[in-house]
Amino acid sequence: MSQQRPLEENPQPEGNPQIEARKVHLQALRQAGVNPYPNDFKPEQAIAEIIAHHGMLQDNEQLAAVSVKTAGRMMLMRHFGKLTFANLQDGSGQIQIAVQKDAVGELFYQQIFRHIEIGDIIGVIGTLFRTKTGELTIRVVTLQLLTKALRPLPEKWHGLEDIETRYRQRYVDMIVNPEVRPLFQRRCHIIRLIRRFMEERDFLEVETPMMHPIPGGANARPFITHHNALDVDLYLRIAPELYLKRLIVGGFERVFEINRNFRNEGLSTRHNPEFTMMEFYQAYADYRSLMDLVEQLLVHVVTTIHGALQVVHQDRTIDFTPPWRRLTLVEALIQQAGIDVGLLQEGPDRHERLTGLARSHGLTVENNADNGQLLLALFEHLVEDRLIHPTFIIDYPVSVSPLSRRSDQHPDTAERFELFIGGWEIANAFSELNDPIDQADRFRQQVLEKTAGNHEAMHYDSDYIRALEYGMPPTGGAGIGIDRLVMLLTNAASIRDVLLFPQLRREN
């Protein structure tokens, strides 16, 4: 977004001379009997449609036979005596219009048109022609003011660009920098592709609660709200996982949800407290079959969006060509970070070895940290940002995977994977734990961690345990971060670039 024009740093205060001048124009229009906010003009063509259908015509006689009726925002005005040229912009593009005093009438020109300014929204009816420079133009026969804008659009600002103001005033950003809009159109296209892919494989799209009596489904700090009528605290959901798995218990064997999660965490280029994920669950599947499905899904999205399997993101080329690499957590530490295998292998002194290794790399080691937590901390510190091409990291420690099924061969290892692309975690998945006794024990361990001060540890969810006691079939489940995926596929540097209204610090 570096090539786009900045917005003004501060909002126009009341009493601003430009706003007051526009209010004078507004009053003059009302006195002339003009409703400055009517709703009776219905455009018949979008600007892009006009250009697509008639843009190849060069002969003015042919163009003069074309009648158009469209609407948009005045973006630029150039006065030449009795003739005014202006740029008209709608959601599809821009076209030049020509307003001639003789064509619209002296009275209209003096009482109405001279009070119309850049930023106002108008409707026009007219015919087409080409100017001497060859520009396709609407010769206006009828013009109607549809919305009087009281705040002026930003001019060509000088000095330091305030990117946060653009995020805060996204509505203005999209007016003055229309090249921003295609990014969000592409985001919508990506989500449609994901939804269609899942539906074609018989997954049912569902909606689960946004407010939970108990936060669960992930290790994260929740937002807390209060329901006055019930007089209970509720939590904005940190993940839909436990509700989606309740649906698996109930007999929906393939479900997915694309929706918002909320986590009370910091802001960064990759984190927004409100973000979009797609979570899906499939009965009689395990984490290995889900790796295949996630790979197929993302390859389909990438090739549809880019027409190729190589994507450039921030000067790096990411190759999505399958099959994607699969490494265990320990293998990743050895291959990507160069850790001596002897420091990671099993043995009675493993905890001391891992503790020393973590401290040698500048990590703070909590007194109650177990081997699994130490391995994960080392991986996040040493390996994550090196995983540029799609890589599945598999077989996480059970202690950091409280909802994952244990491996039958290695009880301390969870059947879990995370997918990393561009150095970011894009997906998290596992064979679901469906043993209610094991799950209850792990919830109790999470409660102990919460009591010890871990605000992100899970609560004990007795209703979820009750659901498991009715029997959940063997199931695999995964979550995919939509915002980060969109960042990768649109070459965005910050998550704020792909959110229409990102969370920001309070203005002033």
# chains A, B, ... in the order shown; residues from 1 in each chain; ligands from 1
$ residues_around --residues "His351 of chain A" --least-positions-apart "2" --cutoff "10 Å" --atoms "only C-alpha atoms" --output "list in words"
Leu343, Leu344, Glu346, Gly347, Pro348, Asp349, Arg353, Leu354, Thr355, Gly356, Leu357, Ala369, Asp370, Asn371, Gly372, Leu374 and Leu375 of chain A
$ closest_atom_pairs --of "segment 86-110 of chain A" --to "segment 162-186 of chain A" --cutoff "9 Å" --atoms "only C-alpha atoms" --output "tab-separated table"
residue	atom	partner	partner_atom	distance
A:Gln89	CA	A:Ile175	CA	8.6
A:Gly91	CA	A:Pro178	CA	8.4
A:Gly93	CA	A:Pro178	CA	8.3
$ write_last_selection --atoms "N, CA and C atoms" --output "short mmCIF file (atom, residue, chain, number, x, y, z; two decimals), in the first residue's frame"
data_model
loop_
_atom_site.label_atom_id
_atom_site.label_comp_id
_atom_site.auth_asym_id
_atom_site.auth_seq_id
_atom_site.Cartn_x
_atom_site.Cartn_y
_atom_site.Cartn_z
N GLN A 89 -16.68 8.91 -10.27
CA GLN A 89 -16.17 7.62 -9.78
C GLN A 89 -17.26 6.85 -9.06
N GLY A 91 -18.20 2.49 -7.76
CA GLY A 91 -17.47 1.35 -7.23
C GLY A 91 -16.75 0.54 -8.27
N GLY A 93 -15.23 2.09 -11.28
CA GLY A 93 -14.20 2.82 -12.00
C GLY A 93 -14.52 4.29 -12.14
#
$ closest_residue --among "A:Asp463, A:Glu295, A:Glu274, A:Asp385" --to "Leu236 of chain A" --atoms "only C-alpha atoms"
A:Glu274
$ atom_distance --atom1 "atom CA of Ser462 of chain A" --atom2 "atom CA of Ile437 of chain A"
11.5 Å
$ residues_around --residues "Leu143 of chain A" --least-positions-apart "5" --cutoff "9 Å" --atoms "only C-alpha atoms" --output "ChimeraX atom specification"
/A:99,104,113,122-126
$ closest_residue --among "A:Arg405, A:Arg73, A:Lys148, A:His53" --to "Val24 of chain A" --atoms "only C-alpha atoms"
A:Lys148
$ residues_around --residues "segment 209-217 of chain A" --least-positions-apart "4" --cutoff "12 Å" --atoms "only C-alpha atoms" --output "PDB file with C-alpha atoms, in the first residue's frame"
ATOM      1  CA  ARG A 221      -6.947 -14.942  26.957  1.00  0.00           C
ATOM      2  CA  PRO A 222     -10.629 -14.144  26.324  1.00  0.00           C
ATOM      3  CA  PHE A 223     -12.659 -10.949  26.308  1.00  0.00           C
ATOM      4  CA  ILE A 224     -15.262 -10.880  29.064  1.00  0.00           C
ATOM      5  CA  THR A 225     -18.729  -9.329  28.857  1.00  0.00           C
ATOM      6  CA  HIS A 226     -21.806  -9.443  31.080  1.00  0.00           C
ATOM      7  CA  HIS A 227     -25.374 -10.471  30.290  1.00  0.00           C
ATOM      8  CA  LEU A 230     -29.109 -13.569  33.205  1.00  0.00           C
ATOM      9  CA  ASP A 231     -26.644 -11.760  35.475  1.00  0.00           C
ATOM     10  CA  VAL A 232     -23.754 -13.899  34.235  1.00  0.00           C
ATOM     11  CA  ASP A 233     -20.381 -13.212  32.704  1.00  0.00           C
ATOM     12  CA  LEU A 234     -19.910 -14.444  29.155  1.00  0.00           C
ATOM     13  CA  TYR A 235     -16.817 -14.709  26.990  1.00  0.00           C
ATOM     14  CA  LEU A 236     -16.376 -13.743  23.370  1.00  0.00           C
ATOM     15  CA  ARG A 237     -15.310 -16.957  21.753  1.00  0.00           C
ATOM     16  CA  ILE A 238     -11.633 -17.693  21.274  1.00  0.00           C
ATOM     17  CA  ALA A 239     -12.473 -20.657  18.998  1.00  0.00           C
ATOM     18  CA  PRO A 240     -15.599 -22.519  17.832  1.00  0.00           C
ATOM     19  CA  GLU A 241     -13.927 -25.915  18.310  1.00  0.00           C
ATOM     20  CA  LEU A 242     -15.833 -27.401  21.236  1.00  0.00           C
ATOM     21  CA  TYR A 243     -19.224 -26.481  19.754  1.00  0.00           C
ATOM     22  CA  LEU A 244     -18.327 -27.875  16.345  1.00  0.00           C
ATOM     23  CA  LYS A 245     -17.259 -31.144  17.979  1.00  0.00           C
ATOM     24  CA  ARG A 246     -20.554 -31.246  19.868  1.00  0.00           C
ATOM     25  CA  GLU A 257     -17.572 -22.557  10.022  1.00  0.00           C
ATOM     26  CA  ASN A 259     -16.339 -16.687  11.234  1.00  0.00           C
ATOM     27  CA  ARG A 260     -14.734 -14.425  13.791  1.00  0.00           C
ATOM     28  CA  ASN A 261     -12.723 -15.330  16.872  1.00  0.00           C
ATOM     29  CA  PHE A 262     -11.696 -12.915  19.612  1.00  0.00           C
ATOM     30  CA  ARG A 263      -8.513 -13.084  21.663  1.00  0.00           C
ATOM     31  CA  ASN A 264      -7.463 -10.492  24.199  1.00  0.00           C
ATOM     32  CA  GLU A 274     -10.722  -9.910  16.185  1.00  0.00           C
ATOM     33  CA  GLU A 279     -12.565 -24.474  11.288  1.00  0.00           C
ATOM     34  CA  SER A 401      -1.936 -30.033  22.843  1.00  0.00           C
ATOM     35  CA  PRO A 402      -4.729 -30.397  25.426  1.00  0.00           C
ATOM     36  CA  LEU A 403      -7.451 -31.287  22.887  1.00  0.00           C
ATOM     37  CA  SER A 404      -5.413 -33.651  20.692  1.00  0.00           C
ATOM     38  CA  ASN A 428      -3.489 -25.970  13.270  1.00  0.00           C
ATOM     39  CA  ALA A 429      -5.065 -29.428  13.290  1.00  0.00           C
ATOM     40  CA  GLU A 432      -9.419 -35.108  18.070  1.00  0.00           C
ATOM     41  CA  PHE A 443      -8.835 -30.061  31.549  1.00  0.00           C
ATOM     42  CA  GLN A 446      -5.191 -26.810  32.475  1.00  0.00           C
ATOM     43  CA  VAL A 447      -7.066 -25.563  35.542  1.00  0.00           C
ATOM     44  CA  HIS A 455      -4.161 -16.676  31.863  1.00  0.00           C
ATOM     45  CA  GLU A 456      -4.292 -18.521  28.527  1.00  0.00           C
ATOM     46  CA  ALA A 457      -4.876 -21.978  30.014  1.00  0.00           C
ATOM     47  CA  MET A 458      -8.270 -23.578  29.464  1.00  0.00           C
ATOM     48  CA  HIS A 459     -11.221 -23.895  31.821  1.00  0.00           C
ATOM     49  CA  TYR A 460     -12.860 -27.181  32.773  1.00  0.00           C
ATOM     50  CA  ASP A 461     -15.881 -27.557  30.456  1.00  0.00           C
ATOM     51  CA  SER A 462     -18.146 -30.120  32.095  1.00  0.00           C
ATOM     52  CA  ASP A 463     -20.797 -29.949  29.363  1.00  0.00           C
ATOM     53  CA  TYR A 464     -18.197 -30.794  26.724  1.00  0.00           C
ATOM     54  CA  GLY A 477     -10.334 -31.172  12.926  1.00  0.00           C
ATOM     55  CA  ALA A 478      -8.435 -28.165  11.619  1.00  0.00           C
ATOM     56  CA  GLY A 479      -8.437 -24.379  11.761  1.00  0.00           C
TER      57      GLY A 479
END
$ select_by_dssp --residues "segment 107-220 of chain A" --states "alpha helix (DSSP H)" --output "PyMOL selection string"
chain A and resi 107-111+163-168+170-176+181-200
$ select_by_dssp --residues "segment 259-312 of chain A" --states "strand (DSSP E)" --output "PyMOL selection string"
chain A and resi 259-262+274-283+310-312
$ write_last_selection --atoms "C-alpha atoms" --output "tab-separated table (two decimals), in the first residue's frame"
chain	number	residue	atom	x	y	z
A	259	ASN	CA	-16.34	-16.69	11.23
A	260	ARG	CA	-14.73	-14.42	13.79
A	261	ASN	CA	-12.72	-15.33	16.87
A	262	PHE	CA	-11.70	-12.91	19.61
A	274	GLU	CA	-10.72	-9.91	16.18
A	275	PHE	CA	-9.83	-12.24	13.33
A	276	THR	CA	-11.37	-14.70	10.86
A	277	MET	CA	-10.81	-18.45	10.81
A	278	MET	CA	-12.23	-21.43	9.03
A	279	GLU	CA	-12.56	-24.47	11.29
A	280	PHE	CA	-13.75	-27.83	10.02
A	281	TYR	CA	-14.28	-31.29	11.52
A	282	GLN	CA	-14.64	-34.63	9.79
A	283	ALA	CA	-15.71	-37.88	11.44
A	310	GLN	CA	4.57	-19.63	-7.13
A	311	VAL	CA	3.50	-16.59	-5.13
A	312	VAL	CA	5.62	-13.52	-4.40
